[in-house]
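Pasted below: query-v3.pdb, PDB, C-alpha atoms, pLDDT in the B column.
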ATOM      1  CA  MET Y   1     -69.773  23.722  22.550  1.00 95.00           C
ATOM      2  CA  SER Y   2     -69.939  20.990  19.947  1.00 95.00           C
ATOM      3  CA  GLY Y   3     -72.256  18.104  20.696  1.00 96.00           C
ATOM      4  CA  SER Y   4     -70.099  15.710  18.709  1.00 95.00           C
ATOM      5  CA  LEU Y   5     -67.402  13.489  20.159  1.00 94.00           C
ATOM      6  CA  LYS Y   6     -65.813  13.075  16.740  1.00 90.00           C
ATOM      7  CA  HIS Y   7     -62.909  15.526  16.593  1.00 78.00           C
ATOM      8  CA  ASP Y   8     -63.201  16.169  12.872  1.00 82.00           C
ATOM      9  CA  SER Y   9     -66.993  16.401  12.786  1.00 89.00           C
ATOM     10  CA  SER Y  10     -68.634  19.233  10.872  1.00 89.00           C
ATOM     11  CA  ASN Y  11     -70.071  20.643  14.105  1.00 91.00           C
ATOM     12  CA  SER Y  12     -66.693  20.628  15.855  1.00 91.00           C
ATOM     13  CA  ALA Y  13     -65.055  22.199  12.793  1.00 88.00           C
ATOM     14  CA  LEU Y  14     -67.735  24.895  12.740  1.00 87.00           C
ATOM     15  CA  VAL Y  15     -67.161  25.714  16.421  1.00 89.00           C
ATOM     16  CA  ARG Y  16     -63.372  25.816  16.087  1.00 88.00           C
ATOM     17  CA  ALA Y  17     -63.597  27.978  12.954  1.00 86.00           C
ATOM     18  CA  ALA Y  18     -65.974  30.385  14.689  1.00 85.00           C
ATOM     19  CA  ALA Y  19     -63.496  30.736  17.553  1.00 86.00           C
ATOM     20  CA  ALA Y  20     -60.671  31.429  15.100  1.00 85.00           C
ATOM     21  CA  SER Y  21     -62.707  33.865  12.991  1.00 83.00           C
ATOM     22  CA  GLY Y  22     -61.240  36.999  14.509  1.00 80.00           C
ATOM     23  CA  SER Y  23     -64.652  38.161  15.706  1.00 80.00           C
ATOM     24  CA  PRO Y  24     -64.618  41.007  18.228  1.00 81.00           C
ATOM     25  CA  ALA Y  25     -66.663  38.704  20.469  1.00 83.00           C
ATOM     26  CA  GLU Y  26     -64.570  36.401  22.616  1.00 87.00           C
ATOM     27  CA  VAL Y  27     -65.439  32.822  21.692  1.00 88.00           C
ATOM     28  CA  VAL Y  28     -64.434  30.146  24.190  1.00 91.00           C
ATOM     29  CA  VAL Y  29     -64.636  26.574  22.937  1.00 92.00           C
ATOM     30  CA  TRP Y  30     -65.507  23.977  25.556  1.00 94.00           C
ATOM     31  CA  ASP Y  31     -64.390  20.689  24.046  1.00 92.00           C
ATOM     32  CA  ARG Y  32     -64.247  18.177  26.877  1.00 94.00           C
ATOM     33  CA  LEU Y  33     -67.621  16.540  26.285  1.00 95.00           C
ATOM     34  CA  ASP Y  34     -66.029  13.098  26.282  1.00 95.00           C
ATOM     35  CA  SER Y  35     -64.508  13.716  29.731  1.00 95.00           C
ATOM     36  CA  LEU Y  36     -67.807  14.034  31.551  1.00 96.00           C
ATOM     37  CA  PRO Y  37     -68.974  11.106  33.649  1.00 96.00           C
ATOM     38  CA  HIS Y  38     -72.464   9.743  33.154  1.00 95.00           C
ATOM     39  CA  PHE Y  39     -74.890  12.036  34.921  1.00 96.00           C
ATOM     40  CA  SER Y  40     -76.280  10.758  38.198  1.00 92.00           C
ATOM     41  CA  PRO Y  41     -77.651  12.901  41.016  1.00 88.00           C
ATOM     42  CA  ASP Y  42     -76.193  10.320  43.399  1.00 91.00           C
ATOM     43  CA  HIS Y  43     -72.618  10.917  42.239  1.00 87.00           C
ATOM     44  CA  PRO Y  44     -70.595  14.075  42.789  1.00 87.00           C
ATOM     45  CA  ALA Y  45     -69.393  16.213  39.931  1.00 89.00           C
ATOM     46  CA  ASN Y  46     -65.758  15.911  38.864  1.00 93.00           C
ATOM     47  CA  ASP Y  47     -63.273  18.563  37.663  1.00 95.00           C
ATOM     48  CA  HIS Y  48     -64.635  18.401  34.097  1.00 95.00           C
ATOM     49  CA  VAL Y  49     -68.193  19.015  35.299  1.00 96.00           C
ATOM     50  CA  ASP Y  50     -66.960  21.878  37.478  1.00 96.00           C
ATOM     51  CA  ASP Y  51     -65.150  23.342  34.443  1.00 97.00           C
ATOM     52  CA  LEU Y  52     -68.279  23.066  32.274  1.00 97.00           C
ATOM     53  CA  ARG Y  53     -70.348  24.794  34.932  1.00 97.00           C
ATOM     54  CA  LYS Y  54     -67.731  27.530  35.381  1.00 97.00           C
ATOM     55  CA  GLU Y  55     -67.500  28.245  31.636  1.00 96.00           C
ATOM     56  CA  ILE Y  56     -71.278  28.335  31.170  1.00 97.00           C
ATOM     57  CA  ALA Y  57     -71.707  30.584  34.220  1.00 97.00           C
ATOM     58  CA  ALA Y  58     -69.065  33.014  32.915  1.00 96.00           C
ATOM     59  CA  ALA Y  59     -70.497  33.182  29.393  1.00 95.00           C
ATOM     60  CA  ASP Y  60     -72.718  36.020  28.233  1.00 94.00           C
ATOM     61  CA  ALA Y  61     -74.349  33.577  25.822  1.00 94.00           C
ATOM     62  CA  VAL Y  62     -73.961  29.952  24.782  1.00 95.00           C
ATOM     63  CA  VAL Y  63     -73.725  28.503  21.287  1.00 94.00           C
ATOM     64  CA  VAL Y  64     -74.408  24.783  20.962  1.00 96.00           C
ATOM     65  CA  ALA Y  65     -73.538  23.028  17.702  1.00 95.00           C
ATOM     66  CA  THR Y  66     -75.329  19.714  17.552  1.00 97.00           C
ATOM     67  CA  PRO Y  67     -75.313  16.879  15.076  1.00 96.00           C
ATOM     68  CA  GLU Y  68     -78.500  14.895  14.689  1.00 96.00           C
ATOM     69  CA  TYR Y  69     -78.281  11.242  15.716  1.00 94.00           C
ATOM     70  CA  ALA Y  70     -81.318   8.987  15.272  1.00 94.00           C
ATOM     71  CA  GLY Y  71     -83.627  11.998  15.103  1.00 95.00           C
ATOM     72  CA  GLY Y  72     -82.330  13.809  18.183  1.00 96.00           C
ATOM     73  CA  MET Y  73     -79.316  15.258  19.932  1.00 97.00           C
ATOM     74  CA  PRO Y  74     -76.399  12.970  20.807  1.00 97.00           C
ATOM     75  CA  GLY Y  75     -76.526  11.322  24.217  1.00 97.00           C
ATOM     76  CA  SER Y  76     -73.190  12.861  25.179  1.00 97.00           C
ATOM     77  CA  LEU Y  77     -74.602  16.367  24.659  1.00 98.00           C
ATOM     78  CA  LYS Y  78     -77.724  15.521  26.661  1.00 98.00           C
ATOM     79  CA  ASN Y  79     -75.429  14.191  29.397  1.00 97.00           C
ATOM     80  CA  ALA Y  80     -73.559  17.528  29.509  1.00 97.00           C
ATOM     81  CA  LEU Y  81     -76.817  19.473  29.687  1.00 98.00           C
ATOM     82  CA  ASP Y  82     -78.067  17.140  32.427  1.00 97.00           C
ATOM     83  CA  TRP Y  83     -75.029  18.064  34.541  1.00 96.00           C
ATOM     84  CA  LEU Y  84     -76.347  21.667  34.476  1.00 96.00           C
ATOM     85  CA  VAL Y  85     -79.796  20.725  35.812  1.00 93.00           C
ATOM     86  CA  GLY Y  86     -80.277  22.077  39.280  1.00 86.00           C
ATOM     87  CA  SER Y  87     -77.036  24.066  39.390  1.00 92.00           C
ATOM     88  CA  GLY Y  88     -78.537  27.010  37.492  1.00 94.00           C
ATOM     89  CA  GLU Y  89     -75.786  27.989  35.043  1.00 97.00           C
ATOM     90  CA  LEU Y  90     -78.185  28.126  32.078  1.00 97.00           C
ATOM     91  CA  TYR Y  91     -80.825  30.137  33.912  1.00 97.00           C
ATOM     92  CA  GLY Y  92     -81.285  33.457  32.114  1.00 96.00           C
ATOM     93  CA  LYS Y  93     -78.668  32.627  29.449  1.00 97.00           C
ATOM     94  CA  ARG Y  94     -79.314  33.303  25.793  1.00 96.00           C
ATOM     95  CA  VAL Y  95     -78.575  30.249  23.678  1.00 96.00           C
ATOM     96  CA  VAL Y  96     -78.050  29.908  19.943  1.00 94.00           C
ATOM     97  CA  ILE Y  97     -78.395  26.403  18.562  1.00 96.00           C
ATOM     98  CA  VAL Y  98     -76.774  25.460  15.299  1.00 95.00           C
ATOM     99  CA  SER Y  99     -76.426  22.197  13.463  1.00 95.00           C
ATOM    100  CA  ALA Y 100     -73.864  21.538  10.762  1.00 92.00           C
ATOM    101  CA  ALA Y 101     -75.432  19.103   8.314  1.00 92.00           C
ATOM    102  CA  PRO Y 102     -75.088  18.270   4.622  1.00 91.00           C
ATOM    103  CA  ASP Y 103     -78.303  20.193   3.897  1.00 91.00           C
ATOM    104  CA  GLU Y 104     -80.024  23.145   5.605  1.00 91.00           C
ATOM    105  CA  ALA Y 105     -83.248  21.125   5.844  1.00 92.00           C
ATOM    106  CA  ARG Y 106     -81.586  18.693   8.248  1.00 94.00           C
ATOM    107  CA  GLY Y 107     -80.718  18.920  11.941  1.00 96.00           C
ATOM    108  CA  HIS Y 108     -84.068  20.366  13.024  1.00 97.00           C
ATOM    109  CA  ASN Y 109     -84.925  17.468  15.364  1.00 97.00           C
ATOM    110  CA  ALA Y 110     -81.648  17.734  17.265  1.00 98.00           C
ATOM    111  CA  ARG Y 111     -82.006  21.514  17.478  1.00 97.00           C
ATOM    112  CA  ARG Y 112     -85.555  21.112  18.818  1.00 98.00           C
ATOM    113  CA  TRP Y 113     -84.367  18.661  21.485  1.00 98.00           C
ATOM    114  CA  VAL Y 114     -81.601  21.028  22.584  1.00 98.00           C
ATOM    115  CA  ALA Y 115     -84.048  23.948  22.624  1.00 98.00           C
ATOM    116  CA  GLU Y 116     -86.497  22.027  24.815  1.00 98.00           C
ATOM    117  CA  THR Y 117     -83.744  20.936  27.198  1.00 98.00           C
ATOM    118  CA  VAL Y 118     -82.167  24.364  27.691  1.00 98.00           C
ATOM    119  CA  ALA Y 119     -85.575  26.056  27.979  1.00 98.00           C
ATOM    120  CA  MET Y 120     -86.456  23.680  30.811  1.00 97.00           C
ATOM    121  CA  GLN Y 121     -83.334  25.001  32.541  1.00 97.00           C
ATOM    122  CA  GLY Y 122     -84.364  28.646  32.214  1.00 97.00           C
ATOM    123  CA  ALA Y 123     -82.422  29.596  29.089  1.00 98.00           C
ATOM    124  CA  THR Y 124     -83.852  31.602  26.200  1.00 97.00           C
ATOM    125  CA  VAL Y 125     -83.237  30.333  22.681  1.00 97.00           C
ATOM    126  CA  ALA Y 126     -82.250  33.407  20.661  1.00 95.00           C
ATOM    127  CA  ASP Y 127     -81.920  31.551  17.345  1.00 94.00           C
ATOM    128  CA  SER Y 128     -81.752  28.048  15.933  1.00 95.00           C
ATOM    129  CA  PHE Y 129     -80.562  27.178  12.427  1.00 93.00           C
ATOM    130  CA  THR Y 130     -78.683  24.666  10.315  1.00 94.00           C
ATOM    131  CA  VAL Y 131     -75.540  25.442   8.344  1.00 92.00           C
ATOM    132  CA  ALA Y 132     -75.021  23.323   5.246  1.00 91.00           C
ATOM    133  CA  VAL Y 133     -71.543  21.806   5.568  1.00 89.00           C
ATOM    134  CA  LYS Y 134     -70.658  19.169   3.032  1.00 88.00           C
ATOM    135  CA  SER Y 135     -67.964  16.538   3.527  1.00 85.00           C
ATOM    136  CA  SER Y 136     -66.212  18.020   0.490  1.00 88.00           C
ATOM    137  CA  ASP Y 137     -65.961  21.487   2.088  1.00 86.00           C
ATOM    138  CA  ASP Y 138     -62.362  22.450   2.773  1.00 86.00           C
ATOM    139  CA  ASP Y 139     -61.134  24.448   5.776  1.00 84.00           C
ATOM    140  CA  ALA Y 140     -61.555  27.783   3.976  1.00 87.00           C
ATOM    141  CA  VAL Y 141     -65.185  27.048   3.084  1.00 88.00           C
ATOM    142  CA  ILE Y 142     -65.938  25.866   6.618  1.00 84.00           C
ATOM    143  CA  ALA Y 143     -64.258  28.986   8.030  1.00 80.00           C
ATOM    144  CA  SER Y 144     -66.416  31.181   5.799  1.00 87.00           C
ATOM    145  CA  LYS Y 145     -69.585  29.348   6.843  1.00 84.00           C
ATOM    146  CA  ALA Y 146     -68.550  29.510  10.502  1.00 82.00           C
ATOM    147  CA  ALA Y 147     -67.942  33.256  10.281  1.00 81.00           C
ATOM    148  CA  ALA Y 148     -71.392  33.743   8.743  1.00 86.00           C
ATOM    149  CA  ALA Y 149     -72.973  31.513  11.403  1.00 85.00           C
ATOM    150  CA  LEU Y 150     -71.188  33.411  14.183  1.00 83.00           C
ATOM    151  CA  GLN Y 151     -72.312  36.723  12.683  1.00 86.00           C
ATOM    152  CA  ARG Y 152     -75.916  35.454  12.617  1.00 85.00           C
ATOM    153  CA  ALA Y 153     -75.609  34.198  16.191  1.00 86.00           C
ATOM    154  CA  LEU Y 154     -74.223  37.521  17.408  1.00 84.00           C
ATOM    155  CA  ALA Y 155     -77.007  39.403  15.617  1.00 86.00           C
ATOM    156  CA  ALA Y 156     -79.581  37.201  17.341  1.00 86.00           C
ATOM    157  CA  LEU Y 157     -77.968  37.940  20.698  1.00 83.00           C
ATOM    158  CA  ASP Y 158     -78.077  41.739  20.292  1.00 79.00           C
TER     159      ASP Y 158
END
Could you rewrite the structure in this file as structure tokens?
Amino acid sequence: MSGSLKHDSSNSALVRAAAASGSPAEVVVWDRLDSLPHFSPDHPANDHVDDLRKEIAAADAVVVATPEYAGGMPGSLKNALDWLVGSGELYGKRVVIVSAAPDEARGHNARRWVAETVAMQGATVADSFTVAVKSSDDDAVIASKAAAALQRALAALD
């Protein structure tokens, strides 16, 4: 899951490239973040929330690619994770958190926020790292970086 609503964001590109990498692991991309309603315990879930819950429940592990906005994870990603509070889909799941950023030293605040949020829901963070993706990187470079990131994620999940 990419935590960015921007279709051509580095994090979304990384997730799509990982899914297309030809890895023996089945990678399912959940890309309907912008379809989720604002979380409220007083309002029922909709079909998009039900789909998110179903996909997370069926997954052996979860990879979250998050940009860093204002020193933390995007509100839309937090909203998605909030929809999983109380329903238990993240309980016992292994999660890998990645951030695509212009430099490997960036993204750590967003990754920390995601780690804290999923841990509060019973998930175990298997790894957390940033992949340097520059705006000048073409599709082939992003695909190569995504394949390496997926390989690292899979190694952390073994």
Can you spell out as a list in words the set of residues that the PyMOL selection byres ((chain Y and resi 156) around 8) selects in the structure I just provided?
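Here the PyMOL selection byres ((chain Y and resi 156) around 8) matches Val96, Ala126, Asp127, Arg152, Ala153, Leu154, Ala155, Leu157 and Asp158 of chain Y.
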Contact residues around Val95 in chain Y with only C-alpha atoms at 9 Å, ignoring same-chain residues under 2 positions, as a CSV table (one decimal) with C-alpha atoms, in the frame of the given file:
chain,number,residue,atom,x,y,z
Y,61,ALA,CA,-74.3,33.6,25.8
Y,62,VAL,CA,-74.0,30.0,24.8
Y,63,VAL,CA,-73.7,28.5,21.3
Y,64,VAL,CA,-74.4,24.8,21.0
Y,90,LEU,CA,-78.2,28.1,32.1
Y,93,LYS,CA,-78.7,32.6,29.4
Y,97,ILE,CA,-78.4,26.4,18.6
Y,115,ALA,CA,-84.0,23.9,22.6
Y,118,VAL,CA,-82.2,24.4,27.7
Y,123,ALA,CA,-82.4,29.6,29.1
Y,124,THR,CA,-83.9,31.6,26.2
Y,125,VAL,CA,-83.2,30.3,22.7
Y,126,ALA,CA,-82.2,33.4,20.7
Y,127,ASP,CA,-81.9,31.6,17.3
Y,128,SER,CA,-81.8,28.0,15.9
Y,153,ALA,CA,-75.6,34.2,16.2
Y,157,LEU,CA,-78.0,37.9,20.7
Output check: residues returned by the PyMOL selection byres ((chain Y and resi 148) around 12), as a PyMOL selection string:
chain Y and resi 14-15+17-18+21+23+98+129-132+141-147+149-155
Can I get the selection written as a short mmCIF file (atom, residue, chain, number, x, y, z; two decimals), keeping the file's coordinate frame, with C-alpha atoms?
data_model
loop_
_atom_site.label_atom_id
_atom_site.label_comp_id
_atom_site.auth_asym_id
_atom_site.auth_seq_id
_atom_site.Cartn_x
_atom_site.Cartn_y
_atom_site.Cartn_z
CA LEU Y 14 -67.74 24.90 12.74
CA VAL Y 15 -67.16 25.71 16.42
CA ALA Y 17 -63.60 27.98 12.95
CA ALA Y 18 -65.97 30.38 14.69
CA SER Y 21 -62.71 33.86 12.99
CA SER Y 23 -64.65 38.16 15.71
CA VAL Y 98 -76.77 25.46 15.30
CA PHE Y 129 -80.56 27.18 12.43
CA THR Y 130 -78.68 24.67 10.32
CA VAL Y 131 -75.54 25.44 8.34
CA ALA Y 132 -75.02 23.32 5.25
CA VAL Y 141 -65.18 27.05 3.08
CA ILE Y 142 -65.94 25.87 6.62
CA ALA Y 143 -64.26 28.99 8.03
CA SER Y 144 -66.42 31.18 5.80
CA LYS Y 145 -69.58 29.35 6.84
CA ALA Y 146 -68.55 29.51 10.50
CA ALA Y 147 -67.94 33.26 10.28
CA ALA Y 149 -72.97 31.51 11.40
CA LEU Y 150 -71.19 33.41 14.18
CA GLN Y 151 -72.31 36.72 12.68
CA ARG Y 152 -75.92 35.45 12.62
CA ALA Y 153 -75.61 34.20 16.19
CA LEU Y 154 -74.22 37.52 17.41
CA ALA Y 155 -77.01 39.40 15.62
#
For the provided coordinates, the residues matched by the PyMOL selection byres ((chain Y and resi 10) around 9) should be stated as a ChimeraX atom specification.
/Y:4,6-9,11-15,67,99-101,133-135,142
With only C-alpha atoms as the basis for distance, which of Y:Asp137, Y:Asp82, Y:Asp103, Y:Glu89 is at the shortest distance from Thr117 in chain Y?
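Looking at the shortest contact to Thr117 in chain Y, the residue is Y:Asp82.
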Which residue, Y:Gly3, Y:Asp139, Y:Met120, Y:Trp83, has the smallest gap to Pro44 in chain Y when you use all atoms listed in the file?
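Looking at the shortest contact to Pro44 in chain Y, the residue is Y:Trp83.
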Please, what distance in Å, to one decimal, runs between CA of Ser35 in chain Y and CA of Ser2 in chain Y?
13.3 Å
Determine, counting only C-alpha atoms, which protein, DNA and RNA residues have an atom within 10 Å of an atom of Gly75 in chain Y; residues of the same chain fewer than 4 positions away are not included. Present the result as a list of chain:residue names.
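Neighbouring residues, sequence-local ones excluded: Y:Gly3, Y:Ser4, Y:His38, Y:Tyr69, Y:Asn79, Y:Ala80, Y:Leu81.
Between CA of Ser87 in chain Y and CA of Pro41 in chain Y the separation is 11.3 Å.
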Rebuild range 37-48 of chain Y so that it carries N, CA and C atoms, then output the result as a compact mmCIF listing (two decimals), in the coordinates of the input.
# COMPACT_ATOMS: atom_id res chain seq x y z
N PRO Y 37 -68.42 12.40 33.24
CA PRO Y 37 -68.97 11.11 33.65
C PRO Y 37 -70.46 11.06 33.31
N HIS Y 38 -71.02 9.87 33.34
CA HIS Y 38 -72.46 9.74 33.15
C HIS Y 38 -73.15 10.50 34.28
N PHE Y 39 -74.18 11.26 33.92
CA PHE Y 39 -74.89 12.04 34.92
C PHE Y 39 -75.64 11.12 35.88
N SER Y 40 -75.49 11.41 37.16
CA SER Y 40 -76.28 10.76 38.20
C SER Y 40 -76.34 11.71 39.39
N PRO Y 41 -77.54 12.03 39.85
CA PRO Y 41 -77.65 12.90 41.02
C PRO Y 41 -77.02 12.30 42.27
N ASP Y 42 -76.79 10.99 42.24
CA ASP Y 42 -76.19 10.32 43.40
C ASP Y 42 -74.67 10.39 43.41
N HIS Y 43 -74.08 10.84 42.32
CA HIS Y 43 -72.62 10.92 42.24
C HIS Y 43 -72.16 12.36 42.16
N PRO Y 44 -71.07 12.69 42.82
CA PRO Y 44 -70.60 14.08 42.79
C PRO Y 44 -70.00 14.43 41.43
N ALA Y 45 -70.02 15.71 41.15
CA ALA Y 45 -69.39 16.21 39.93
C ALA Y 45 -67.88 16.04 40.03
N ASN Y 46 -67.22 15.97 38.87
CA ASN Y 46 -65.76 15.91 38.86
C ASN Y 46 -65.21 17.24 38.33
N ASP Y 47 -63.90 17.32 38.13
CA ASP Y 47 -63.27 18.56 37.66
C ASP Y 47 -63.81 19.00 36.31
N HIS Y 48 -64.13 18.06 35.42
CA HIS Y 48 -64.64 18.40 34.10
C HIS Y 48 -66.04 19.00 34.19
